[in-house]
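A.B. asks: Structure: start.txt, compact mmCIF, C-alpha atoms.
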```txt
# COMPACT_ATOMS: atom_id res chain seq x y z
CA MET A 7 13.01 -23.03 41.94
CA HIS A 8 10.08 -20.94 43.07
CA ARG A 9 11.21 -21.04 46.68
CA THR A 10 14.69 -19.88 45.69
CA LYS A 11 13.33 -16.94 43.75
CA VAL A 12 11.36 -15.70 46.73
CA ARG A 13 14.43 -15.82 48.94
CA VAL A 14 16.55 -13.86 46.49
CA ALA A 15 13.84 -11.25 46.16
CA SER A 16 13.53 -10.86 49.90
CA ASP A 17 17.29 -10.27 50.25
CA LEU A 18 17.04 -7.71 47.47
CA LEU A 19 14.21 -5.93 49.27
CA ASP A 20 16.19 -5.85 52.53
CA ALA A 21 19.18 -4.32 50.77
CA ASN A 22 16.85 -1.91 49.02
CA GLU A 23 15.38 -0.67 52.31
CA THR A 24 18.86 0.00 53.69
CA ILE A 25 19.86 2.04 50.67
CA ALA A 26 16.49 3.84 50.56
CA ARG A 27 17.08 5.01 54.14
CA ALA A 28 20.52 6.28 53.15
CA ASN A 29 19.01 8.18 50.21
CA ARG A 30 16.34 9.64 52.47
CA ALA A 31 18.98 10.83 54.93
CA ASP A 32 20.89 12.55 52.11
CA PHE A 33 17.71 14.20 50.82
CA ASP A 34 16.86 15.37 54.35
CA ARG A 35 20.32 16.84 54.83
CA ALA A 36 19.95 18.76 51.58
CA GLY A 37 16.49 19.96 52.60
CA VAL A 38 14.88 18.26 49.61
CA ARG A 39 11.48 16.60 49.81
CA VAL A 40 10.94 13.73 47.41
CA VAL A 41 7.88 12.35 45.61
CA ASN A 42 7.88 8.95 43.91
CA LEU A 43 5.44 9.24 40.97
CA MET A 44 4.21 5.96 39.52
CA SER A 45 1.68 4.66 36.98
CA ALA A 46 1.11 2.25 34.12
CA PRO A 47 2.72 3.14 30.77
CA GLY A 48 0.99 6.09 29.13
CA ALA A 49 -1.17 7.10 32.11
CA GLY A 50 0.18 10.63 31.94
CA LYS A 51 3.04 11.06 34.42
CA THR A 52 5.10 13.27 32.13
CA ALA A 53 2.05 15.13 30.79
CA LEU A 54 0.96 15.98 34.35
CA LEU A 55 4.46 17.11 35.32
CA GLU A 56 4.69 19.27 32.18
CA ARG A 57 1.41 20.95 33.00
CA VAL A 58 2.33 21.55 36.64
CA LEU A 59 5.81 22.84 35.79
CA ILE A 60 4.49 25.25 33.17
CA ASP A 61 2.07 26.74 35.70
CA GLY A 62 4.72 26.57 38.46
CA VAL A 63 4.30 25.20 41.96
CA GLY A 64 4.22 28.43 44.01
CA GLU A 65 7.78 29.49 44.81
CA LEU A 66 9.02 25.92 44.88
CA ARG A 67 12.09 24.94 42.92
CA VAL A 68 11.21 21.56 41.43
CA GLY A 69 13.65 19.02 40.00
CA VAL A 70 12.88 15.78 38.20
CA LEU A 71 14.60 12.40 38.10
CA GLU A 72 13.37 10.49 35.05
CA GLY A 73 13.34 6.70 35.17
CA ASP A 74 13.04 4.91 31.85
CA VAL A 75 14.08 1.57 30.44
CA GLN A 76 15.68 3.31 27.48
CA GLY A 77 15.98 6.72 25.91
CA SER A 78 15.39 10.22 27.23
CA LEU A 79 12.13 11.25 25.55
CA ASP A 80 10.48 12.37 28.79
CA ALA A 81 13.59 14.11 30.12
CA ASP A 82 13.85 15.99 26.84
CA ARG A 83 10.22 17.12 27.14
CA LEU A 84 10.73 18.34 30.70
CA SER A 85 14.11 20.00 30.29
CA ALA A 86 12.52 22.19 27.62
CA LEU A 87 10.72 23.75 30.60
CA HIS A 88 14.05 24.79 32.15
CA VAL A 89 13.83 22.63 35.25
CA PRO A 90 16.77 20.47 36.33
CA VAL A 91 16.17 16.98 34.94
CA THR A 92 18.34 13.90 35.44
CA GLN A 93 17.83 10.80 33.28
CA LEU A 94 18.23 7.32 34.73
CA ASN A 95 18.05 4.39 32.31
CA THR A 96 17.43 0.91 33.67
CA ASP A 97 18.52 -1.06 30.60
CA PRO A 98 21.87 -2.29 31.95
CA GLY A 99 19.71 -4.85 33.79
CA PHE A 100 18.50 -7.92 31.88
CA GLY A 101 16.46 -6.49 29.00
CA GLY A 102 15.78 -3.45 31.19
CA GLU A 103 14.63 -3.29 34.80
CA CYS A 104 10.90 -2.67 35.14
CA HIS A 105 11.24 -0.30 38.11
CA LEU A 106 13.60 2.05 39.88
CA ASP A 107 15.24 0.79 43.04
CA ALA A 108 17.05 2.66 45.79
CA ASN A 109 20.49 1.81 44.44
CA MET A 110 19.70 3.16 40.98
CA VAL A 111 18.50 6.41 42.53
CA ARG A 112 21.62 6.47 44.72
CA SER A 113 23.81 6.16 41.64
CA ALA A 114 22.16 9.32 40.28
CA LEU A 115 22.63 11.39 43.46
CA GLY A 116 26.03 12.66 42.38
CA ALA A 117 24.61 13.94 39.10
CA MET A 118 21.82 15.91 40.76
CA GLU A 119 22.28 19.43 42.13
CA LEU A 120 20.24 18.88 45.26
CA GLY A 121 21.07 22.36 46.56
CA GLU A 122 19.10 23.85 43.67
CA VAL A 123 15.77 22.18 44.36
CA ASP A 124 13.20 22.11 47.15
CA LEU A 125 11.19 19.25 45.75
CA LEU A 126 12.39 16.32 43.67
CA VAL A 127 9.85 14.35 41.67
CA ILE A 128 11.07 10.89 40.71
CA GLU A 129 9.17 9.66 37.66
CA ASN A 130 9.32 5.88 37.93
CA VAL A 131 9.23 3.36 35.08
CA GLY A 132 5.68 2.85 33.76
CA ASN A 133 4.53 -0.30 35.59
CA LEU A 134 1.84 -1.06 38.18
CA VAL A 135 3.65 -3.95 39.89
CA CYS A 136 7.32 -3.75 40.91
CA PRO A 137 7.78 0.02 41.43
CA ALA A 138 5.42 -0.32 44.42
CA GLU A 139 7.80 -2.85 46.01
CA PHE A 140 10.95 -0.71 46.00
CA ARG A 141 11.21 2.42 48.12
CA VAL A 142 13.82 4.79 46.78
CA GLY A 143 14.04 7.26 49.68
CA GLU A 144 10.87 9.24 48.95
CA ASP A 145 8.78 11.24 51.43
CA ALA A 146 5.52 10.50 49.66
CA ARG A 147 4.16 8.36 46.87
CA ALA A 148 1.64 9.32 44.25
CA MET A 149 0.25 7.17 41.48
CA ILE A 150 -1.79 7.99 38.42
CA SER A 151 -4.59 5.80 37.16
CA SER A 152 -6.04 6.77 33.81
CA VAL A 153 -9.78 6.28 33.28
CA THR A 154 -8.96 4.55 29.97
CA GLU A 155 -7.41 1.68 31.96
CA GLY A 156 -10.71 0.54 33.47
CA GLU A 157 -12.41 0.39 36.85
CA ASP A 158 -10.85 -2.86 38.01
CA LYS A 159 -7.22 -1.73 38.31
CA PRO A 160 -7.21 -1.21 42.14
CA LEU A 161 -8.31 -4.84 42.55
CA LYS A 162 -5.77 -6.16 40.03
CA TYR A 163 -2.75 -4.20 41.24
CA PRO A 164 -3.62 -3.75 44.94
CA LEU A 165 -0.11 -3.15 46.27
CA MET A 166 0.38 -0.14 44.01
CA PHE A 167 -2.91 1.47 45.02
CA ARG A 168 -2.35 0.59 48.70
CA THR A 169 1.16 1.95 48.95
CA CYS A 170 0.44 5.48 47.75
CA GLU A 171 -0.52 8.61 49.71
CA LEU A 172 -2.28 10.02 46.65
CA VAL A 173 -4.17 8.47 43.76
CA VAL A 174 -4.59 10.77 40.76
CA VAL A 175 -7.39 9.84 38.36
CA ASN A 176 -6.29 11.24 34.99
CA LYS A 177 -7.84 11.73 31.51
CA ILE A 178 -11.26 12.66 32.86
CA ASP A 179 -11.81 14.63 29.61
CA LEU A 180 -12.31 11.20 27.97
CA LEU A 181 -15.07 10.07 30.37
CA PRO A 182 -17.93 10.89 27.95
CA HIS A 183 -16.38 8.53 25.40
CA LEU A 184 -15.76 5.54 27.70
CA ASP A 185 -17.73 2.82 29.47
CA PHE A 186 -16.12 3.74 32.78
CA SER A 187 -18.00 4.06 36.05
CA LEU A 188 -16.11 6.48 38.28
CA GLU A 189 -18.28 5.35 41.17
CA ARG A 190 -17.23 1.73 40.77
CA PHE A 191 -13.56 2.71 40.41
CA LEU A 192 -13.73 4.68 43.67
CA GLU A 193 -15.47 1.76 45.39
CA ASN A 194 -12.65 -0.54 44.26
CA LEU A 195 -10.06 1.99 45.45
CA GLU A 196 -11.79 2.25 48.84
CA ARG A 197 -11.62 -1.54 49.16
CA VAL A 198 -7.85 -1.70 48.77
CA ASN A 199 -6.87 1.61 50.40
CA PRO A 200 -9.69 2.98 52.57
CA GLY A 201 -9.71 6.75 52.90
CA VAL A 202 -6.76 7.37 50.58
CA GLU A 203 -6.64 10.89 49.14
CA HIS A 204 -7.59 11.03 45.49
CA MET A 205 -8.19 13.70 42.89
CA LEU A 206 -9.71 13.84 39.43
CA LEU A 207 -7.98 15.78 36.69
CA SER A 208 -7.05 16.02 33.05
CA ALA A 209 -3.41 16.75 32.34
CA ARG A 210 -4.43 17.39 28.74
CA THR A 211 -7.03 20.11 29.38
CA GLY A 212 -5.52 21.29 32.67
CA LYS A 213 -8.73 20.74 34.60
CA GLY A 214 -8.01 19.92 38.25
CA VAL A 215 -4.23 20.13 37.84
CA GLU A 216 -3.97 22.91 40.45
CA GLY A 217 -5.00 20.29 43.03
CA PHE A 218 -1.89 18.28 42.24
CA ALA A 219 0.25 21.42 42.53
CA ARG A 220 -1.27 22.04 45.97
CA TRP A 221 -0.50 18.47 47.00
CA LEU A 222 3.13 18.86 45.89
CA THR A 223 3.33 22.08 47.91
CA ALA A 224 2.00 20.27 50.97
CA VAL A 225 4.60 17.50 50.57
CA ALA A 226 7.35 20.10 50.21
CA GLY A 227 6.06 21.69 53.43
CA GLY A 228 6.37 18.39 55.27
CA GLU A 229 2.74 17.27 55.07
CA ALA A 230 1.40 14.08 53.50
CA ALA A 231 4.74 12.49 54.25
CA HIS A 232 5.18 8.75 54.39
CA ALA A 233 6.53 7.38 57.70
CA MET B 14 25.03 -5.01 43.97
CA HIS B 15 24.03 -4.23 40.42
CA ARG B 16 26.48 -6.74 38.98
CA THR B 17 25.13 -9.46 41.27
CA LYS B 18 21.56 -8.74 40.22
CA VAL B 19 22.40 -9.13 36.56
CA ARG B 20 24.03 -12.50 37.15
CA VAL B 21 21.02 -13.80 39.10
CA ALA B 22 18.70 -12.63 36.38
CA SER B 23 20.72 -14.30 33.67
CA ASP B 24 20.64 -17.64 35.52
CA LEU B 25 16.91 -17.23 35.88
CA LEU B 26 16.55 -16.59 32.15
CA ASP B 27 18.59 -19.71 31.31
CA ALA B 28 16.40 -21.84 33.56
CA ASN B 29 13.34 -20.17 32.07
CA GLU B 30 14.40 -21.08 28.51
CA THR B 31 14.83 -24.72 29.50
CA ILE B 32 11.38 -24.92 31.06
CA ALA B 33 9.80 -22.98 28.17
CA ARG B 34 11.13 -25.61 25.74
CA ALA B 35 9.64 -28.36 27.92
CA ASN B 36 6.27 -26.56 27.91
CA ARG B 37 6.46 -26.17 24.15
CA ALA B 38 7.16 -29.89 23.72
CA ASP B 39 4.11 -30.74 25.86
CA PHE B 40 1.90 -28.34 23.91
CA ASP B 41 3.17 -29.81 20.62
CA ARG B 42 2.45 -33.35 21.80
CA ALA B 43 -1.10 -32.31 22.69
CA GLY B 44 -1.52 -30.59 19.31
CA VAL B 45 -2.11 -27.22 20.96
CA ARG B 46 -0.80 -23.97 19.50
CA VAL B 47 -0.07 -21.25 22.01
CA VAL B 48 -0.23 -17.45 21.86
CA ASN B 49 1.37 -15.23 24.52
CA LEU B 50 -0.77 -12.07 24.69
CA MET B 51 0.82 -9.06 26.37
CA SER B 52 0.16 -5.36 26.97
CA ALA B 53 0.24 -2.57 29.54
CA PRO B 54 -2.50 -2.63 32.21
CA GLY B 55 -5.87 -1.71 30.76
CA ALA B 56 -4.87 -1.84 27.10
CA GLY B 57 -7.69 -4.28 26.37
CA LYS B 58 -6.37 -7.86 26.40
CA THR B 59 -9.46 -9.29 28.07
CA ALA B 60 -11.85 -7.07 26.14
CA LEU B 61 -10.34 -8.24 22.84
CA LEU B 62 -10.49 -11.89 23.89
CA GLU B 63 -14.11 -11.47 24.98
CA ARG B 64 -15.02 -9.98 21.61
CA VAL B 65 -13.20 -12.69 19.66
CA LEU B 66 -14.59 -15.54 21.75
CA ILE B 67 -18.17 -14.26 21.42
CA ASP B 68 -17.82 -14.19 17.64
CA GLY B 69 -15.89 -17.47 17.66
CA VAL B 70 -12.64 -18.25 15.83
CA GLY B 71 -13.90 -20.46 13.02
CA GLU B 72 -14.10 -24.05 14.24
CA LEU B 73 -11.22 -23.59 16.65
CA ARG B 74 -11.58 -24.65 20.26
CA VAL B 75 -9.90 -21.86 22.21
CA GLY B 76 -8.74 -22.04 25.83
CA VAL B 77 -7.36 -19.26 27.97
CA LEU B 78 -4.73 -19.15 30.71
CA GLU B 79 -5.18 -15.97 32.74
CA GLY B 80 -2.16 -14.45 34.44
CA ASP B 81 -2.85 -11.89 37.17
CA VAL B 82 -1.07 -10.68 40.27
CA GLN B 83 -4.22 -11.26 42.29
CA GLY B 84 -7.87 -12.15 41.85
CA SER B 85 -9.79 -13.76 39.02
CA LEU B 86 -11.76 -10.85 37.53
CA ASP B 87 -10.67 -11.56 33.95
CA ALA B 88 -11.07 -15.32 34.27
CA ASP B 89 -14.60 -14.75 35.58
CA ARG B 90 -15.40 -12.54 32.58
CA LEU B 91 -14.11 -15.11 30.12
CA SER B 92 -15.54 -18.25 31.71
CA ALA B 93 -18.97 -16.63 31.33
CA LEU B 94 -18.38 -17.28 27.63
CA HIS B 95 -18.10 -21.03 28.28
CA VAL B 96 -14.51 -21.44 27.21
CA PRO B 97 -12.04 -23.35 29.37
CA VAL B 98 -10.20 -20.78 31.51
CA THR B 99 -7.42 -21.44 34.00
CA GLN B 100 -6.38 -18.75 36.48
CA LEU B 101 -2.75 -18.30 37.47
CA ASN B 102 -1.99 -15.81 40.25
CA THR B 103 1.57 -14.55 40.66
CA ASP B 104 1.23 -13.15 44.17
CA PRO B 105 3.13 -15.93 45.98
CA GLY B 106 6.19 -14.03 44.71
CA PHE B 107 7.33 -10.95 46.61
CA GLY B 108 4.41 -8.56 46.44
CA GLY B 109 3.36 -10.30 43.23
CA GLU B 110 5.45 -11.16 40.19
CA CYS B 111 5.04 -8.66 37.34
CA HIS B 112 5.07 -11.30 34.59
CA LEU B 113 4.43 -14.95 33.86
CA ASP B 114 7.44 -17.20 33.51
CA ALA B 115 7.76 -20.69 32.04
CA ASN B 116 7.71 -22.37 35.44
CA MET B 117 4.46 -20.69 36.46
CA VAL B 118 2.85 -21.82 33.21
CA ARG B 119 4.29 -25.30 33.76
CA SER B 120 2.66 -25.44 37.20
CA ALA B 121 -0.70 -24.81 35.52
CA LEU B 122 -0.32 -27.53 32.87
CA GLY B 123 -1.88 -30.19 35.09
CA ALA B 124 -4.96 -28.06 35.63
CA MET B 125 -5.55 -27.51 31.93
CA GLU B 126 -7.42 -29.95 29.71
CA LEU B 127 -5.11 -29.61 26.73
CA GLY B 128 -7.00 -32.30 24.83
CA GLU B 129 -10.02 -30.02 24.67
CA VAL B 130 -8.40 -27.05 22.94
CA ASP B 131 -6.69 -26.34 19.64
CA LEU B 132 -5.40 -22.93 20.60
CA LEU B 133 -4.38 -21.69 24.02
CA VAL B 134 -4.17 -17.94 24.60
CA ILE B 135 -2.03 -17.01 27.59
CA GLU B 136 -3.03 -13.58 28.87
CA ASN B 137 0.07 -12.27 30.58
CA VAL B 138 0.26 -9.82 33.50
CA GLY B 139 -0.29 -6.22 32.34
CA ASN B 140 3.26 -4.88 31.95
CA LEU B 141 5.39 -3.69 29.03
CA VAL B 142 8.77 -4.72 30.45
CA CYS B 143 9.38 -8.15 32.02
CA PRO B 144 6.78 -10.30 30.21
CA ALA B 145 8.84 -9.74 27.05
CA GLU B 146 11.88 -11.30 28.74
CA PHE B 147 10.32 -14.63 29.69
CA ARG B 148 9.22 -17.13 27.07
CA VAL B 149 6.60 -19.51 28.40
CA GLY B 150 6.47 -22.07 25.58
CA GLU B 151 4.40 -20.06 23.12
CA ASP B 152 4.30 -20.44 19.32
CA ALA B 153 3.68 -16.75 18.73
CA ARG B 154 3.56 -13.49 20.64
CA ALA B 155 1.08 -10.68 20.24
CA MET B 156 0.99 -7.39 22.12
CA ILE B 157 -1.65 -4.71 22.34
CA SER B 158 -0.83 -1.02 22.41
CA SER B 159 -3.72 1.29 23.14
CA VAL B 160 -3.80 4.65 21.36
CA THR B 161 -4.50 6.28 24.75
CA GLU B 162 -0.96 5.32 25.83
CA GLY B 163 0.74 7.64 23.37
CA GLU B 164 2.93 7.45 20.28
CA ASP B 165 6.24 7.03 22.07
CA LYS B 166 5.68 3.59 23.58
CA PRO B 167 7.66 1.56 20.99
CA LEU B 168 10.70 3.72 21.75
CA LYS B 169 10.26 3.48 25.53
CA TYR B 170 9.59 -0.27 25.74
CA PRO B 171 11.51 -1.51 22.68
CA LEU B 172 12.01 -5.13 23.76
CA MET B 173 8.25 -5.68 24.07
CA PHE B 174 7.53 -4.25 20.61
CA ARG B 175 10.53 -6.04 19.09
CA THR B 176 9.75 -9.48 20.47
CA CYS B 177 6.22 -9.81 19.10
CA GLU B 178 4.99 -11.29 15.83
CA LEU B 179 1.90 -9.04 15.95
CA VAL B 180 1.24 -5.56 17.31
CA VAL B 181 -2.45 -4.77 17.83
CA VAL B 182 -3.33 -1.07 18.03
CA ASN B 183 -6.48 -0.91 20.15
CA LYS B 184 -9.09 1.71 21.12
CA ILE B 185 -9.10 3.37 17.70
CA ASP B 186 -12.67 4.51 18.45
CA LEU B 187 -11.06 7.10 20.78
CA LEU B 188 -8.78 8.57 18.10
CA PRO B 189 -11.03 11.61 17.44
CA HIS B 190 -10.70 12.58 21.11
CA LEU B 191 -6.92 12.24 21.47
CA ASP B 192 -3.75 14.06 20.42
CA PHE B 193 -2.36 10.87 18.92
CA SER B 194 -0.63 10.66 15.57
CA LEU B 195 -1.06 7.15 14.22
CA GLU B 196 1.55 7.95 11.59
CA ARG B 197 4.16 8.80 14.20
CA PHE B 198 3.30 5.70 16.26
CA LEU B 199 3.80 3.51 13.19
CA GLU B 200 7.09 5.25 12.40
CA ASN B 201 8.28 4.52 15.94
CA LEU B 202 7.13 0.91 15.62
CA GLU B 203 8.99 0.56 12.32
CA ARG B 204 12.17 1.84 14.00
CA VAL B 205 12.16 -0.86 16.68
CA ASN B 206 10.62 -3.75 14.70
CA PRO B 207 10.82 -3.13 10.95
CA GLY B 208 8.07 -4.81 8.96
CA VAL B 209 6.26 -6.30 11.95
CA GLU B 210 2.63 -7.18 11.26
CA HIS B 211 0.19 -4.75 12.88
CA MET B 212 -3.54 -4.20 12.88
CA LEU B 213 -5.86 -1.41 14.00
CA LEU B 214 -9.02 -2.27 15.89
CA SER B 215 -11.46 -1.39 18.62
CA ALA B 216 -12.33 -4.20 21.00
CA ARG B 217 -15.13 -1.97 22.30
CA THR B 218 -16.93 -1.37 19.00
CA GLY B 219 -15.74 -4.59 17.35
CA LYS B 220 -14.22 -2.76 14.39
CA GLY B 221 -11.29 -4.71 12.96
CA VAL B 222 -11.57 -7.54 15.46
CA GLU B 223 -12.10 -10.12 12.71
CA GLY B 224 -8.48 -9.45 11.68
CA PHE B 225 -7.30 -10.68 15.07
CA ALA B 226 -9.49 -13.78 14.75
CA ARG B 227 -7.88 -14.45 11.36
CA TRP B 228 -4.42 -14.09 12.88
CA LEU B 229 -5.29 -16.56 15.65
CA THR B 230 -6.53 -18.99 13.01
CA ALA B 231 -3.25 -18.64 11.13
CA VAL B 232 -1.26 -19.36 14.31
CA ALA B 233 -3.42 -22.40 15.02
CA GLY B 234 -2.71 -23.57 11.47
CA GLY B 235 1.03 -23.32 12.06
CA GLU B 236 1.66 -19.92 10.46
CA ALA B 237 3.16 -16.83 12.10
CA ALA B 238 4.98 -19.14 14.45
CA HIS B 239 7.99 -18.03 16.41
CA ALA B 240 11.15 -20.08 15.88
```
Give the structure from the file, written as structure tokens.

C.D. replies:
Amino acid sequence: MHRTKVRVASDLLDANETIARANRADFDRAGVRVVNLMSAPGAGKTALLERVLIDGVGELRVGVLEGDVQGSLDADRLSALHVPVTQLNTDPGFGGECHLDANMVRSALGAMELGEVDLLVIENVGNLVCPAEFRVGEDARAMISSVTEGEDKPLKYPLMFRTCELVVVNKIDLLPHLDFSLERFLENLERVNPGVEHMLLSARTGKGVEGFARWLTAVAGGEAAHA
Amino acid sequence: MHRTKVRVASDLLDANETIARANRADFDRAGVRVVNLMSAPGAGKTALLERVLIDGVGELRVGVLEGDVQGSLDADRLSALHVPVTQLNTDPGFGGECHLDANMVRSALGAMELGEVDLLVIENVGNLVCPAEFRVGEDARAMISSVTEGEDKPLKYPLMFRTCELVVVNKIDLLPHLDFSLERFLENLERVNPGVEHMLLSARTGKGVEGFARWLTAVAGGEAAHA
């Protein structure tokens, strides 16, 4: 049974790559750069986006595609900021898919007004495993690791940390109240993804958030792009 | 493609149920009660187990089965406490499976000395989606939600919160430093799983941890068991 499962998954990943390339071609044609934003549940993806969208990202027109198992809580939060937000729910899958895949994103393309945005941020389902395995047509990948999650996460979820162009370390306002060694976390990160760009910030206080806005601007300008 | 995926998944779930029942029969024969412990990454599963195992759970002999994508960091932490720990890595799957399933647990049965334990705690992979979909032969399910993850989690990952006999709210020592309304979290929990048992604790300070030890004792005694 195990062998069979691996084969099915590999076929799925092949199909996913094909569709991801098609998405990417459509995004390119529309002149839209795309960021795939990932993290564990509650690490602060929506909070960081809220903060960045309130401050604005230069002259960039930013749109958001919200991936959730169920509901539209995050999309509701973000659309209050008057940015175009599209909700994608994964629950037609068995009990809810734990990640976005290229075909799900493709099914949302028709609902998005790509001509109205320069940069699309795709907020993936909160999960440190499967989202890293499925490209969706993005130019760059960013992930958020909250300091409340512990120093060992790069070693326990290596594919996620390895597959991203940017690692955001969030909730640094809580550092004084935690047994968390930033030094050890960064050592672990260096072990799984040597030299990867990282930044420290607090989406709650706003400290360091301008660095993430600058990174988004660079991606929109064609830098930091994934091959 | 979507339709095909759902069918594959459903076959997988059928096979999983069959194997889960076989596991359960083996555990019953050995007189071992089994808890499936789940949470998002970094919510404190290992920290809570460490705390409980240091204090001891009455006269119970507790064993642990550690599920991780890669590595044995948690198993190393727990085996320092001189309890029998078995490590199960899910990375032979594509990029690492995001959950334990019944067949993975079955493959570990031979490595476990079931005669030496009264209660087996299976620490699942950190993930709020798929672990809820795969029974592994457990008598009861517990999940941990950390207050750092936010109040909305029951609404965003309803199957996980609905499928558990116990919801542990961890990291309450951080409450003074967060914008987290415990009242709203509990309202959300009540919406998805009315009347479910819950407890507040801090694995870090030890506050409330004796409640979890009592719950484990009840499970070992045949209470709080899942049908």

A.B. asks: List the spatial neighbours of Gly50 (chain A) as a ChimeraX atom specification - criterion: any atom at most 12 Å away, all atoms listed in the file, same-chain residues fewer than 5 positions off excluded.

C.D. replies: /A:43-45,55-57,80,129-130,132,149-155,174-178,207-210 /B:161-163

A.B. asks: Which residues are near Val45 (chain B)? Cut-off 7 Å, all atoms listed in the file, ignore same chain within fewer than 6 positions. Put them as a short mmCIF file (atom, residue, chain, number, x, y, z; two decimals) with C-alpha atoms, keeping the file's coordinate frame.

C.D. replies:
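Saved as selection.cif:
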```cif
data_model
loop_
_atom_site.label_atom_id
_atom_site.label_comp_id
_atom_site.auth_asym_id
_atom_site.auth_seq_id
_atom_site.Cartn_x
_atom_site.Cartn_y
_atom_site.Cartn_z
CA LEU B 127 -5.11 -29.61 26.73
CA VAL B 130 -8.40 -27.05 22.94
CA ASP B 131 -6.69 -26.34 19.64
CA LEU B 132 -5.40 -22.93 20.60
CA LEU B 133 -4.38 -21.69 24.02
#
```

A.B. asks: Using CA of Leu71 (chain A) and CA of Val205 (chain B) as the two end points, give the distance in Å to one decimal.

C.D. replies: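 That distance, rounded to one decimal, is 25.3 Å.
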
A.B. asks: Looking at A:His204, A:Arg220, A:Arg197, A:His105, which one is nearest to chain B, with distances taken over all atoms listed in the file?

C.D. replies: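 Residue with the minimum atom-to-atom distance to chain B: A:His105.
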
A.B. asks: Quick check, in Å to one decimal: how far apart do CA of Gly212 (chain A) and CA of Thr52 (chain A) lie?

C.D. replies: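 Pair CA of Gly212 (chain A) / CA of Thr52 (chain A) returns 13.3 Å.
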
A.B. asks: Quick one: of A:Ala148, A:Val215, A:Val91, A:Leu180, who's nearest to Gly62 (chain A), counting only C-alpha atoms?

C.D. replies: A:Val215
